[in-house]
Each structure stands twice: as structure tokens, then as C-alpha cells.
$ cat work-v6.csv   # CSV, C-alpha atoms (C1' of nucleotides)
chain,number,residue,atom,x,y,z
A,1,MET,CA,8.7,10.4,26.1
A,2,ARG,CA,10.1,10.4,22.7
A,3,ILE,CA,12.5,12.9,21.3
A,4,THR,CA,11.4,13.6,17.7
A,5,TYR,CA,13.6,14.9,14.9
A,6,ARG,CA,11.9,18.2,15.4
A,7,GLY,CA,13.1,18.3,19.1
A,8,ASP,CA,16.6,17.0,18.3
A,9,TYR,CA,17.0,19.6,15.6
A,10,ALA,CA,15.8,22.3,18.0
A,11,LEU,CA,18.5,21.3,20.5
A,12,LYS,CA,21.2,21.3,17.9
A,13,THR,CA,20.1,24.6,16.6
A,14,ILE,CA,20.2,26.3,20.0
A,15,LEU,CA,23.6,24.8,20.5
A,16,GLY,CA,24.7,26.2,17.2
A,17,LEU,CA,23.5,29.6,18.1
A,18,ALA,CA,25.1,29.3,21.5
A,19,SER,CA,28.5,28.7,19.9
A,20,HIS,CA,28.0,31.9,17.8
A,21,SER,CA,26.7,33.9,20.7
A,22,GLN,CA,29.4,36.5,20.5
A,23,SER,CA,29.2,37.3,16.8
A,24,GLY,CA,26.1,38.6,15.0
A,25,PRO,CA,23.0,36.8,13.8
A,26,VAL,CA,23.3,33.4,12.1
A,27,THR,CA,21.2,32.7,9.0
A,28,ILE,CA,18.9,29.7,8.8
A,29,ASN,CA,21.0,28.5,5.9
A,30,GLU,CA,24.2,28.3,8.0
A,31,LEU,CA,22.4,26.7,10.9
A,32,ALA,CA,20.8,24.1,8.6
A,33,LYS,CA,24.1,23.3,6.9
A,34,GLN,CA,26.0,23.0,10.2
A,35,ALA,CA,23.6,20.6,11.8
A,36,ASP,CA,22.4,18.9,8.6
A,37,ILE,CA,18.8,19.9,8.9
A,38,PRO,CA,16.4,20.4,5.9
A,39,ILE,CA,16.1,24.2,5.6
A,40,LYS,CA,12.4,24.5,5.2
A,41,PHE,CA,11.9,22.3,8.2
A,42,LEU,CA,14.3,24.4,10.2
A,43,GLU,CA,12.4,27.5,9.3
A,44,GLN,CA,9.3,26.2,11.1
A,45,ILE,CA,11.3,25.1,14.1
A,46,LEU,CA,13.0,28.4,14.4
A,47,LEU,CA,9.7,30.3,14.2
A,48,ASP,CA,8.5,28.0,17.0
A,49,LEU,CA,11.6,28.6,19.1
A,50,LYS,CA,11.0,32.4,18.6
A,51,ARG,CA,7.5,32.1,19.9
A,52,GLY,CA,8.8,30.2,22.9
A,53,GLY,CA,11.2,33.1,23.7
A,54,PHE,CA,14.4,31.1,23.1
A,55,VAL,CA,15.6,33.0,20.0
A,56,GLU,CA,15.3,36.4,18.3
A,57,SER,CA,15.4,37.2,14.7
A,58,ARG,CA,16.6,40.0,12.4
A,59,ARG,CA,15.0,40.3,9.0
A,60,GLY,CA,16.5,41.5,5.8
A,61,LYS,CA,20.1,41.6,4.6
A,62,VAL,CA,22.5,40.8,7.5
A,63,GLY,CA,19.6,39.2,9.1
A,64,GLY,CA,19.5,35.9,10.9
A,65,TYR,CA,18.8,34.4,14.3
A,66,LEU,CA,20.4,34.8,17.7
A,67,LEU,CA,19.7,33.6,21.2
A,68,ALA,CA,17.2,35.6,23.2
A,69,ARG,CA,18.9,34.6,26.5
A,70,LYS,CA,22.4,33.6,27.6
A,71,PRO,CA,23.3,30.0,27.1
A,72,SER,CA,23.7,29.7,30.9
A,73,GLU,CA,20.0,30.6,31.2
A,74,ILE,CA,18.5,28.1,28.8
A,75,LYS,CA,17.9,24.6,30.1
A,76,LEU,CA,17.8,21.6,27.9
A,77,GLY,CA,14.6,20.5,29.5
A,78,GLU,CA,12.8,23.7,28.7
A,79,VAL,CA,13.6,23.5,25.1
A,80,ILE,CA,12.7,19.9,24.5
A,81,LYS,CA,9.5,20.2,26.5
A,82,PHE,CA,8.5,23.2,24.6
A,83,VAL,CA,9.1,21.6,21.2
A,84,ASP,CA,8.2,18.0,21.8
A,85,GLY,CA,5.6,18.4,24.6
A,86,PRO,CA,5.6,16.9,28.1
A,87,ILE,CA,8.2,14.2,28.7
A,88,GLU,CA,5.9,11.7,30.4
A,89,PRO,CA,6.3,8.2,29.1
A,90,ILE,CA,2.5,7.8,29.2
A,91,ALA,CA,-0.3,10.3,29.1
A,92,CYS,CA,-1.9,9.3,32.4
A,93,VAL,CA,1.0,10.8,34.3
A,94,GLY,CA,0.0,14.3,33.2
A,95,ARG,CA,-2.3,16.7,35.1
A,96,GLY,CA,-6.0,16.6,34.6
A,97,TYR,CA,-5.9,13.2,32.9
A,98,LYS,CA,-9.4,11.6,32.6
A,99,GLY,CA,-8.8,8.7,30.3
A,100,CYS,CA,-8.7,6.0,33.0
A,101,SER,CA,-11.6,5.2,35.3
A,102,ASP,CA,-9.6,4.0,38.3
A,103,ILE,CA,-6.7,6.4,37.9
A,104,ASN,CA,-6.3,6.8,41.7
A,105,ARG,CA,-6.0,3.1,42.2
A,106,CYS,CA,-3.4,2.6,39.4
A,107,VAL,CA,0.0,1.3,40.6
A,108,PHE,CA,1.5,1.8,37.2
A,109,ARG,CA,0.8,5.5,37.2
A,110,ASP,CA,3.0,6.0,40.3
A,111,ILE,CA,5.9,4.1,38.5
A,112,TRP,CA,5.7,6.3,35.4
A,113,ARG,CA,5.6,9.3,37.5
A,114,LYS,CA,8.9,8.3,39.1
A,115,VAL,CA,10.3,7.8,35.7
A,116,SER,CA,9.1,11.3,34.7
A,117,GLU,CA,10.6,12.8,37.8
A,118,SER,CA,14.0,11.2,37.3
A,119,THR,CA,14.1,12.3,33.6
A,120,ASN,CA,13.2,15.9,34.6
A,121,ARG,CA,15.8,15.9,37.2
A,122,ILE,CA,18.4,15.2,34.5
A,123,ILE,CA,17.3,17.5,31.7
A,124,ASP,CA,16.3,20.4,33.9
A,125,ASN,CA,19.8,20.5,35.4
A,126,ILE,CA,21.7,21.0,32.2
A,127,THR,CA,22.1,24.4,30.6
A,128,PHE,CA,23.4,25.1,27.1
A,129,GLU,CA,26.5,26.6,28.6
A,130,ASP,CA,27.2,23.2,30.1
A,131,ILE,CA,26.5,21.6,26.8
A,132,LEU,CA,28.8,24.1,25.0
A,133,LYS,CA,31.7,23.2,27.3
A,134,LYS,CA,31.2,19.5,27.0
A,135,ASN,CA,31.0,19.8,23.2
A,136,LYS,CA,34.3,21.7,23.0
A,137,ASN,CA,35.9,19.0,25.1
A,138,LEU,CA,34.5,16.3,23.0
A,139,ASN,CA,35.7,17.9,19.8
A,140,SER,CA,39.2,18.9,21.0
A,141,ALA,CA,39.7,15.4,22.4
A,142,LEU,CA,38.9,14.0,19.0
A,143,VAL,CA,41.5,16.3,17.4
A,144,TYR,CA,44.2,15.1,19.8
A,145,GLN,CA,43.3,11.5,19.1
A,146,ILE,CA,44.2,11.9,15.5
B,1,MET,CA,10.4,6.1,25.4
B,2,ARG,CA,6.7,6.0,25.0
B,3,ILE,CA,4.4,3.5,26.7
B,4,THR,CA,1.8,2.5,24.1
B,5,TYR,CA,-1.7,1.1,24.9
B,6,ARG,CA,-0.3,-2.3,23.9
B,7,GLY,CA,2.4,-2.0,26.5
B,8,ASP,CA,0.0,-0.6,29.2
B,9,TYR,CA,-2.4,-3.4,28.5
B,10,ALA,CA,0.3,-6.0,28.7
B,11,LEU,CA,1.4,-4.8,32.1
B,12,LYS,CA,-2.2,-4.8,33.4
B,13,THR,CA,-2.8,-8.3,32.1
B,14,ILE,CA,0.3,-9.7,33.7
B,15,LEU,CA,-0.8,-8.0,37.0
B,16,GLY,CA,-4.3,-9.6,36.5
B,17,LEU,CA,-2.7,-13.0,36.0
B,18,ALA,CA,-0.5,-12.4,39.0
B,19,SER,CA,-3.5,-11.8,41.2
B,20,HIS,CA,-5.0,-15.1,40.1
B,21,SER,CA,-1.7,-17.0,40.3
B,22,GLN,CA,-3.0,-19.5,42.8
B,23,SER,CA,-6.2,-20.5,41.0
B,24,GLY,CA,-6.4,-22.1,37.5
B,25,PRO,CA,-6.1,-20.5,34.1
B,26,VAL,CA,-7.9,-17.2,33.4
B,27,THR,CA,-9.7,-16.7,30.1
B,28,ILE,CA,-8.9,-13.9,27.7
B,29,ASN,CA,-12.5,-12.7,28.3
B,30,GLU,CA,-12.1,-12.3,32.0
B,31,LEU,CA,-8.8,-10.6,31.7
B,32,ALA,CA,-10.2,-8.2,29.0
B,33,LYS,CA,-13.2,-7.4,31.2
B,34,GLN,CA,-11.2,-6.8,34.3
B,35,ALA,CA,-8.8,-4.4,32.7
B,36,ASP,CA,-11.2,-2.9,30.1
B,37,ILE,CA,-9.2,-4.0,27.1
B,38,PRO,CA,-10.7,-4.9,23.7
B,39,ILE,CA,-10.7,-8.6,23.5
B,40,LYS,CA,-9.4,-9.1,20.0
B,41,PHE,CA,-6.5,-6.7,20.8
B,42,LEU,CA,-5.7,-8.6,24.0
B,43,GLU,CA,-5.6,-11.9,22.1
B,44,GLN,CA,-2.7,-10.6,20.1
B,45,ILE,CA,-1.0,-9.2,23.1
B,46,LEU,CA,-1.3,-12.5,25.0
B,47,LEU,CA,0.1,-14.4,22.1
B,48,ASP,CA,3.0,-12.0,22.1
B,49,LEU,CA,3.6,-12.4,25.8
B,50,LYS,CA,3.5,-16.2,25.4
B,51,ARG,CA,6.3,-16.0,22.8
B,52,GLY,CA,8.2,-13.8,25.2
B,53,GLY,CA,8.0,-16.5,27.8
B,54,PHE,CA,5.9,-14.5,30.3
B,55,VAL,CA,2.7,-16.5,30.1
B,56,GLU,CA,1.5,-20.0,29.3
B,57,SER,CA,-1.8,-21.1,27.8
B,58,ARG,CA,-4.3,-24.0,28.0
B,59,ARG,CA,-6.5,-24.5,25.0
B,60,GLY,CA,-10.0,-25.8,24.9
B,61,LYS,CA,-12.7,-25.9,27.6
B,62,VAL,CA,-11.3,-24.9,31.0
B,63,GLY,CA,-8.5,-23.2,29.1
B,64,GLY,CA,-7.0,-19.8,29.6
B,65,TYR,CA,-3.8,-18.1,30.5
B,66,LEU,CA,-1.4,-18.4,33.4
B,67,LEU,CA,1.9,-16.9,34.4
B,68,ALA,CA,4.9,-18.9,33.2
B,69,ARG,CA,7.0,-17.6,36.1
B,70,LYS,CA,6.4,-16.4,39.6
B,71,PRO,CA,5.4,-12.8,40.0
B,72,SER,CA,8.5,-12.2,42.0
B,73,GLU,CA,10.5,-13.3,39.0
B,74,ILE,CA,9.0,-11.0,36.4
B,75,LYS,CA,10.2,-7.5,36.2
B,76,LEU,CA,8.2,-4.6,35.0
B,77,GLY,CA,11.1,-3.5,32.7
B,78,GLU,CA,11.3,-6.9,31.0
B,79,VAL,CA,7.7,-6.9,30.0
B,80,ILE,CA,7.5,-3.3,28.8
B,81,LYS,CA,10.7,-3.6,26.8
B,82,PHE,CA,9.6,-6.8,25.3
B,83,VAL,CA,6.3,-5.4,24.2
B,84,ASP,CA,7.1,-1.8,23.3
B,85,GLY,CA,10.7,-2.1,22.4
B,86,PRO,CA,13.7,-0.3,23.8
B,87,ILE,CA,13.1,2.4,26.3
B,88,GLU,CA,15.5,4.9,24.8
B,89,PRO,CA,14.0,8.4,24.4
B,90,ILE,CA,15.7,8.7,21.0
B,91,ALA,CA,17.1,6.0,18.6
B,92,CYS,CA,20.7,7.2,18.6
B,93,VAL,CA,21.1,5.9,22.1
B,94,GLY,CA,20.7,2.3,21.0
B,95,ARG,CA,23.6,0.0,20.0
B,96,GLY,CA,24.8,-0.1,16.5
B,97,TYR,CA,23.1,3.2,15.5
B,98,LYS,CA,24.4,4.6,12.2
B,99,GLY,CA,22.0,7.4,11.5
B,100,CYS,CA,24.2,10.2,12.6
B,101,SER,CA,27.5,11.0,11.0
B,102,ASP,CA,29.3,12.5,14.1
B,103,ILE,CA,27.7,10.2,16.6
B,104,ASN,CA,30.9,10.1,18.7
B,105,ARG,CA,31.0,13.8,19.0
B,106,CYS,CA,27.4,14.3,20.1
B,107,VAL,CA,26.8,15.7,23.5
B,108,PHE,CA,23.1,15.1,23.4
B,109,ARG,CA,23.6,11.4,23.0
B,110,ASP,CA,25.3,11.2,26.4
B,111,ILE,CA,22.4,13.0,28.0
B,112,TRP,CA,19.8,10.7,26.5
B,113,ARG,CA,21.9,7.8,27.6
B,114,LYS,CA,21.7,9.0,31.2
B,115,VAL,CA,18.0,9.3,30.9
B,116,SER,CA,17.8,5.8,29.6
B,117,GLU,CA,19.9,4.5,32.4
B,118,SER,CA,17.9,6.2,35.1
B,119,THR,CA,14.7,4.9,33.6
B,120,ASN,CA,16.0,1.4,33.5
B,121,ARG,CA,17.2,1.6,37.0
B,122,ILE,CA,13.6,2.2,38.1
B,123,ILE,CA,11.7,-0.3,35.9
B,124,ASP,CA,14.1,-3.1,36.3
B,125,ASN,CA,13.9,-2.9,40.0
B,126,ILE,CA,10.2,-3.6,40.3
B,127,THR,CA,8.8,-7.1,40.2
B,128,PHE,CA,5.1,-8.0,39.8
B,129,GLU,CA,5.1,-9.2,43.3
B,130,ASP,CA,6.0,-5.7,44.4
B,131,ILE,CA,3.3,-4.3,42.2
B,132,LEU,CA,0.8,-6.8,43.5
B,133,LYS,CA,1.4,-5.7,47.1
B,134,LYS,CA,1.2,-2.1,46.3
B,135,ASN,CA,-2.0,-2.6,44.5
B,136,LYS,CA,-3.6,-4.4,47.4
B,137,ASN,CA,-2.6,-1.5,49.7
B,138,LEU,CA,-4.0,1.1,47.3
B,139,ASN,CA,-7.3,-0.7,47.0
B,140,SER,CA,-7.8,-1.5,50.6
B,141,ALA,CA,-6.8,2.1,51.5
B,142,LEU,CA,-9.5,3.3,49.2
B,143,VAL,CA,-12.1,1.1,50.9
B,144,TYR,CA,-11.3,2.4,54.3
B,145,GLN,CA,-11.5,6.0,53.0
B,146,ILE,CA,-15.2,5.4,52.1
C,1,DG,C1',13.9,53.6,-5.1
C,2,DG,C1',15.3,49.0,-6.7
C,3,DT,C1',17.2,44.8,-5.7
C,4,DA,C1',19.2,41.1,-3.3
C,5,DT,C1',19.0,38.7,0.9
C,6,DA,C1',16.9,37.2,4.6
C,7,DC,C1',12.9,35.9,7.7
C,8,DT,C1',7.4,34.8,7.8
C,9,DC,C1',3.4,32.4,7.2
C,10,DT,C1',0.0,28.9,5.6
C,11,DA,C1',-1.1,24.9,3.2
C,12,DC,C1',-0.2,20.5,1.4
C,13,DT,C1',1.7,15.6,1.3
C,14,DA,C1',4.0,11.1,2.0
C,15,DT,C1',5.2,7.7,5.2
C,16,DT,C1',4.8,5.2,9.3
C,17,DA,C1',3.0,3.5,13.8
C,18,DT,C1',-0.7,2.7,16.5
C,19,DA,C1',-4.9,0.6,17.9
C,20,DA,C1',-7.8,-1.8,16.8
C,21,DT,C1',-11.4,-5.2,14.0
C,22,DA,C1',-12.6,-9.5,11.4
C,23,DG,C1',-12.9,-14.1,10.5
C,24,DA,C1',-11.5,-18.7,9.8
C,25,DG,C1',-8.9,-22.4,12.1
C,26,DA,C1',-7.2,-25.7,15.9
C,27,DT,C1',-7.6,-27.9,20.5
C,28,DT,C1',-9.8,-30.0,24.5
C,29,DA,C1',-13.3,-31.2,28.4
C,30,DT,C1',-17.6,-33.1,28.7
D,1,DA,C1',-20.5,-34.2,18.8
D,2,DT,C1',-20.3,-29.7,20.6
D,3,DA,C1',-19.3,-25.8,23.1
D,4,DA,C1',-15.7,-23.2,24.8
D,5,DT,C1',-11.4,-21.6,24.3
D,6,DC,C1',-7.0,-20.3,22.3
D,7,DT,C1',-4.4,-19.4,17.4
D,8,DC,C1',-3.2,-17.1,13.4
D,9,DT,C1',-3.3,-13.9,9.4
D,10,DA,C1',-5.2,-10.1,7.1
D,11,DT,C1',-7.3,-5.7,6.9
D,12,DT,C1',-8.4,-0.9,8.2
D,13,DA,C1',-9.0,3.8,10.4
D,14,DT,C1',-6.7,7.5,12.5
D,15,DA,C1',-3.1,10.4,13.9
D,16,DA,C1',1.6,11.9,14.3
D,17,DT,C1',5.8,12.8,12.1
D,18,DA,C1',8.8,14.8,8.8
D,19,DG,C1',9.1,17.0,5.6
D,20,DT,C1',8.0,20.2,0.9
D,21,DA,C1',6.1,24.2,-1.6
D,22,DG,C1',5.3,28.8,-2.6
D,23,DA,C1',3.9,33.3,-1.9
D,24,DG,C1',4.6,37.2,1.2
D,25,DT,C1',7.2,40.8,4.2
D,26,DA,C1',11.2,43.4,6.0
D,27,DT,C1',15.8,45.6,5.6
D,28,DA,C1',20.6,46.9,4.1
D,29,DC,C1',22.9,48.8,0.5
D,30,DC,C1',24.0,50.9,-3.8

$ encode --input "work-v6.csv" --output "C-alpha cells"
Amino acid sequence: MRITYRGDYALKTILGLASHSQSGPVTINELAKQADIPIKFLEQILLDLKRGGFVESRRGKVGGYLLARKPSEIKLGEVIKFVDGPIEPIACVGRGYKGCSDINRCVFRDIWRKVSESTNRIIDNITFEDILKKNKNLNSALVYQI
Amino acid sequence: MRITYRGDYALKTILGLASHSQSGPVTINELAKQADIPIKFLEQILLDLKRGGFVESRRGKVGGYLLARKPSEIKLGEVIKFVDGPIEPIACVGRGYKGCSDINRCVFRDIWRKVSESTNRIIDNITFEDILKKNKNLNSALVYQI
DNA sequence: GGTATACTCTACTATTATAATAGAGATTAT
DNA sequence: ATAATCTCTATTATAATAGTAGAGTATACC
């Protein structure tokens, strides 16, 4: 698995929307500025997230994006897998793989499967509500340090 | 993390050498044939593995490659990290990363760190002796099935 | 109804990593 | 000497990634 910029940006954007989930829609521009993401790139990512059912949009003036579901109902794993594809460290782990002749006799495949499973166990057990809370703690902790 | 062909080939090659660890050196040609790896590509990989201290070579006639250490003393994680680089799913997890301005306030980094740790826990706990045994079981089981 | 503000959609492009391929050179057993 | 083998450097094709560009569509508000 490799988290791309696209995936990283998607996560940060969902988090950004989650932190505004009470107020109205947030514009692409604001989201881009907040997370330091190139605007035109973020446009594409948001359209993608919309197709994935993670966000909704409002057009025209006073438009913008908002979460389609509550932060507590969006898992980190869902988002990153939707955007960056399956999290397997190597393709042969996936279903229906035909690339290798002796796939059923491959010890390595079992190992990479275990890696996949342990990764999934982590990322599918964190919601954006969890992340939101952690984030607030991190930032307030930093304020008190100063 | 992403396991490349290079990394996958390296692991299969070490396993191939481990299974011949009693007899003499094995030629690149034999190794390539056994694991279905392009010869010229394998040449490069083996030179790399030699620099990494995993294998030794004998030149000239009756030459070839052999393991530099016992299979029980080579860990899967060592090899794959040497060949494919660090196993972090995203660069910001690594030491001395400077790409992100607010790295210390990033919740996601902590998550990817956990993923890295759980992956390492798996791959650093398997030696090529373990893999060798598992492989024999897999193959003999298949024979009995038929 | 015009206009500013926002999202929507498709096409294009630069850079980099990956996965090889090619060929000449060096070493050693016989 | 020579055949077999490893050694080293350069080159290349393909694909993924990370954007950039620009024209189009919808909506609130005056």
C-alpha cells in the first residue's frame, strides 16, 4: 500500500469538512487554503469523493461542500481505499489475481495477506469523529505548551 | 509500502538459495529459471543483495551464488526493506521528514505510524528458515491432494 | 434578467519510478 | 586457451502520479 498525495489530501479534506459539520457548506477555496492543497487538484478529488458518497455539494453562490454522512459514520479505511485503491502491499493478495502461476503454493502471499489484514484492522476501526477529537487534543496541547 | 517486482524477486531468490543451502553455489540462470525472473534483471538484484550482505558469489566456472548467512538468521523484513526501501505507507512517517509544515499536529501521521509498526512486527518476525518449512508443507500438501 | 460566485467536466502535461534490456568487461576451472 | 560465470554501466519503454488549463453549468441576489 502506498498513500498518495491524492489520498492524503482526501483525508485532510474530509477532516476539514468534519470540523465544519455544524455550519453551512465550505468552499473548495477554503478547504484548499486550510490544508494547503492545489485548488484545481482538490476540485477533482472532491468530485471523486462525491461520487463515492462521502460528500455533497451545493452549487452557485453560498455553495460549497459538506459531509454526506456524520463523521462518526465515515471510516478512515473507507476513504483511503476508495481514493487510493486496495491497501494490499502487493497485487497478488487481491481477489481474482492471475499473474502468478503457482499462486496457491506461494508462502509469501500468505505473509502479505497478514500484513493487509493487520492494516485493515487499524484503518477500518477509526472514524472521522475519533480523528476530530484527537486533532482537537493535539492542537490544544500545543497551545498550552507555548 | 508497496512490494515491487524487484522486492518480490529478491525474496524468491533468497528462498531459492535457502533451499539449496547444503549444496554448492547456484547460478543466476538456475535461480532465474526456478522463480521465472528475467535473467538480466536478476543479475542486478543479486549484485544488490550481495552489497547488502545477504549473499556471496563465486566467479568463473562452477561459480554462482550462495547465502552469506544461515536461513534462520535472515529475516524477511530485512531483505524487503533493503531492496524496496522503508515500509512506511507514506513518507511523513519516516525520520527527519520535513515536507509538512505542521507535522507535529498531524493526526494522520500517528495512524500511519501504527500501520508501519504492525507491518514491521509481522515481517521482522519471519526468518527464511520459517519460510522454507512452510513452503515444504505447502508443496507436499499439494502433492497429496492430487 | 444580469452578474458574481461557486461547482462540474474533460483534456493535457511534466516528472518520476519501475521493470526491464543491452553489451562489454573481469574472473576462474579445466 | 576457452568456456562458463559473475560484474558493471548505460539505455529505454511504460505507467502512475501530481498537477494545470480552460470552458461549461447552476444559483443567490440585486

$ residues_around --input "work-v6.csv" --residues "Val62 of chain A" --least-positions-apart "5" --cutoff "8 Å" --atoms "only C-alpha atoms (C1' of nucleotides)" --output "JSON, numbers by chain"
{"A": [25], "C": [5, 6], "D": [28]}

$ residues_around --input "work-v6.csv" --residues "segment 20-25 of chain D" --least-positions-apart "6" --cutoff "9 Å" --atoms "only C-alpha atoms (C1' of nucleotides)" --output "PyMOL selection string"
(chain A and resi 40-41) or (chain C and resi 7-9+11-13)

$ interface_residues --input "work-v6.csv" --of "chain B" --to "chain C" --cutoff "9 Å" --atoms "only C-alpha atoms (C1' of nucleotides)" --output "ChimeraX atom specification"
/B:4-6,38,40-41,58-63

$ calpha_fit_and_write --input "work-v6.csv" --fixed "chain A" --moving "chain B" --output "tab-separated table (two decimals) with C-alpha atoms, in the coordinates of the input"
chain	number	residue	atom	x	y	z
B	1	MET	CA	8.77	10.42	26.20
B	2	ARG	CA	10.09	10.34	22.72
B	3	ILE	CA	12.55	12.86	21.29
B	4	THR	CA	11.39	13.59	17.73
B	5	TYR	CA	13.64	14.90	14.89
B	6	ARG	CA	11.98	18.28	15.47
B	7	GLY	CA	13.07	18.25	19.07
B	8	ASP	CA	16.62	16.93	18.24
B	9	TYR	CA	16.98	19.59	15.61
B	10	ALA	CA	15.83	22.30	17.94
B	11	LEU	CA	18.40	21.36	20.53
B	12	LYS	CA	21.20	21.30	17.92
B	13	THR	CA	20.18	24.69	16.57
B	14	ILE	CA	20.13	26.30	19.96
B	15	LEU	CA	23.64	24.78	20.59
B	16	GLY	CA	24.72	26.20	17.14
B	17	LEU	CA	23.42	29.62	18.13
B	18	ALA	CA	25.11	29.30	21.48
B	19	SER	CA	28.45	28.73	19.84
B	20	HIS	CA	28.03	31.89	17.80
B	21	SER	CA	26.63	33.93	20.70
B	22	GLN	CA	29.35	36.53	20.52
B	23	SER	CA	29.17	37.28	16.79
B	24	GLY	CA	26.08	38.65	14.93
B	25	PRO	CA	22.98	36.85	13.76
B	26	VAL	CA	23.31	33.44	12.06
B	27	THR	CA	21.21	32.66	8.99
B	28	ILE	CA	18.82	29.75	8.80
B	29	ASN	CA	21.04	28.45	5.94
B	30	GLU	CA	24.16	28.30	8.00
B	31	LEU	CA	22.46	26.72	10.91
B	32	ALA	CA	20.79	24.10	8.59
B	33	LYS	CA	24.14	23.32	6.97
B	34	GLN	CA	26.01	23.00	10.19
B	35	ALA	CA	23.59	20.60	11.75
B	36	ASP	CA	22.43	18.84	8.54
B	37	ILE	CA	18.81	19.83	8.89
B	38	PRO	CA	16.43	20.45	5.96
B	39	ILE	CA	16.11	24.13	5.64
B	40	LYS	CA	12.38	24.46	5.18
B	41	PHE	CA	11.87	22.23	8.27
B	42	LEU	CA	14.28	24.36	10.31
B	43	GLU	CA	12.41	27.53	9.33
B	44	GLN	CA	9.37	26.22	11.09
B	45	ILE	CA	11.32	25.08	14.05
B	46	LEU	CA	13.01	28.48	14.43
B	47	LEU	CA	9.72	30.25	14.24
B	48	ASP	CA	8.50	27.97	16.97
B	49	LEU	CA	11.50	28.62	19.16
B	50	LYS	CA	11.04	32.38	18.64
B	51	ARG	CA	7.46	32.13	19.97
B	52	GLY	CA	8.82	30.16	22.89
B	53	GLY	CA	11.12	33.01	23.71
B	54	PHE	CA	14.37	31.09	23.10
B	55	VAL	CA	15.58	32.95	20.04
B	56	GLU	CA	15.27	36.34	18.39
B	57	SER	CA	15.40	37.22	14.70
B	58	ARG	CA	16.60	40.02	12.38
B	59	ARG	CA	14.91	40.24	9.04
B	60	GLY	CA	16.37	41.40	5.80
B	61	LYS	CA	19.99	41.56	4.61
B	62	VAL	CA	22.42	40.84	7.46
B	63	GLY	CA	19.52	39.13	9.20
B	64	GLY	CA	19.42	35.83	10.97
B	65	TYR	CA	18.83	34.32	14.33
B	66	LEU	CA	20.30	34.89	17.76
B	67	LEU	CA	19.75	33.59	21.25
B	68	ALA	CA	17.24	35.63	23.24
B	69	ARG	CA	18.91	34.60	26.51
B	70	LYS	CA	22.35	33.60	27.63
B	71	PRO	CA	23.30	30.00	27.15
B	72	SER	CA	23.69	29.65	30.85
B	73	GLU	CA	20.07	30.63	31.21
B	74	ILE	CA	18.53	28.11	28.84
B	75	LYS	CA	17.94	24.66	30.04
B	76	LEU	CA	17.89	21.61	27.91
B	77	GLY	CA	14.57	20.48	29.51
B	78	GLU	CA	12.84	23.77	28.71
B	79	VAL	CA	13.58	23.57	25.05
B	80	ILE	CA	12.75	19.89	24.56
B	81	LYS	CA	9.50	20.19	26.48
B	82	PHE	CA	8.54	23.24	24.62
B	83	VAL	CA	9.12	21.65	21.28
B	84	ASP	CA	8.10	18.03	21.81
B	85	GLY	CA	5.64	18.41	24.59
B	86	PRO	CA	5.60	16.82	28.01
B	87	ILE	CA	8.20	14.27	28.78
B	88	GLU	CA	5.87	11.77	30.39
B	89	PRO	CA	6.33	8.20	29.10
B	90	ILE	CA	2.54	7.75	29.09
B	91	ALA	CA	-0.33	10.34	29.08
B	92	CYS	CA	-1.92	9.29	32.36
B	93	VAL	CA	0.96	10.82	34.22
B	94	GLY	CA	0.02	14.33	33.13
B	95	ARG	CA	-2.28	16.67	35.11
B	96	GLY	CA	-5.94	16.59	34.59
B	97	TYR	CA	-5.93	13.17	32.84
B	98	LYS	CA	-9.40	11.62	32.59
B	99	GLY	CA	-8.82	8.69	30.32
B	100	CYS	CA	-8.74	6.05	32.95
B	101	SER	CA	-11.63	5.28	35.22
B	102	ASP	CA	-9.63	4.05	38.31
B	103	ILE	CA	-6.77	6.44	37.87
B	104	ASN	CA	-6.36	6.80	41.66
B	105	ARG	CA	-6.00	3.13	42.13
B	106	CYS	CA	-3.36	2.57	39.45
B	107	VAL	CA	-0.01	1.36	40.54
B	108	PHE	CA	1.56	1.81	37.17
B	109	ARG	CA	0.83	5.49	37.20
B	110	ASP	CA	3.08	5.98	40.24
B	111	ILE	CA	5.89	4.17	38.49
B	112	TRP	CA	5.65	6.27	35.36
B	113	ARG	CA	5.56	9.31	37.54
B	114	LYS	CA	8.90	8.33	39.06
B	115	VAL	CA	10.33	7.87	35.65
B	116	SER	CA	9.13	11.27	34.67
B	117	GLU	CA	10.61	12.83	37.72
B	118	SER	CA	13.99	11.23	37.27
B	119	THR	CA	14.06	12.30	33.66
B	120	ASN	CA	13.24	15.84	34.55
B	121	ARG	CA	15.82	15.91	37.21
B	122	ILE	CA	18.46	15.24	34.54
B	123	ILE	CA	17.27	17.52	31.70
B	124	ASP	CA	16.42	20.43	33.84
B	125	ASN	CA	19.82	20.46	35.35
B	126	ILE	CA	21.74	21.03	32.14
B	127	THR	CA	22.15	24.46	30.63
B	128	PHE	CA	23.44	25.18	27.10
B	129	GLU	CA	26.51	26.60	28.61
B	130	ASP	CA	27.22	23.22	30.13
B	131	ILE	CA	26.54	21.58	26.82
B	132	LEU	CA	28.74	24.05	25.03
B	133	LYS	CA	31.71	23.21	27.26
B	134	LYS	CA	31.23	19.56	26.95
B	135	ASN	CA	31.07	19.82	23.25
B	136	LYS	CA	34.30	21.74	23.03
B	137	ASN	CA	36.01	19.03	25.14
B	138	LEU	CA	34.61	16.23	22.98
B	139	ASN	CA	35.77	17.88	19.79
B	140	SER	CA	39.17	18.89	20.92
B	141	ALA	CA	39.66	15.39	22.45
B	142	LEU	CA	38.89	13.94	19.08
B	143	VAL	CA	41.50	16.14	17.40
B	144	TYR	CA	44.21	15.09	19.73
B	145	GLN	CA	43.28	11.41	19.19
B	146	ILE	CA	44.14	11.81	15.46

$ residues_around --input "work-v6.csv" --residues "Arg51 of chain A" --least-positions-apart "6" --cutoff "12 Å" --atoms "all atoms listed in the file" --output "PyMOL selection string"
chain A and resi 44-45+57+68+79+82-83

$ atom_distance --input "work-v6.csv" --atom1 "atom CA of Lys136 of chain A" --atom2 "atom CA of Ile90 of chain B"
22.8 Å

$ atom_distance --input "work-v6.csv" --atom1 "atom CA of Val115 of chain B" --atom2 "atom CA of Glu88 of chain B"
7.9 Å

$ closest_residue --input "work-v6.csv" --among "B:Glu56, B:Asp48, B:Asp36, B:Asp84" --to "Asp102 of chain A" --atoms "all atoms listed in the file"
B:Asp36

$ interface_residues --input "work-v6.csv" --of "chain A" --to "chain B" --cutoff "7 Å" --atoms "all atoms listed in the file" --output "list in words"
Met1, Arg2, Ile3, Pro89, Ile90, Arg105, Val107, Val115, Ser118, Thr119, Ile122, Ile131, Lys134, Asn135, Leu138 and Asn139 of chain A

$ interface_residues --input "work-v6.csv" --of "chain D" --to "chain B" --cutoff "7 Å" --atoms "all atoms listed in the file" --output "MDAnalysis selection string"
chainID D and resid 4:6

$ closest_residue --input "work-v6.csv" --among "A:Gly7, A:Ile37, A:Thr13, A:Ala18" --to "DG19 of chain D" --atoms "all atoms listed in the file"
A:Ile37
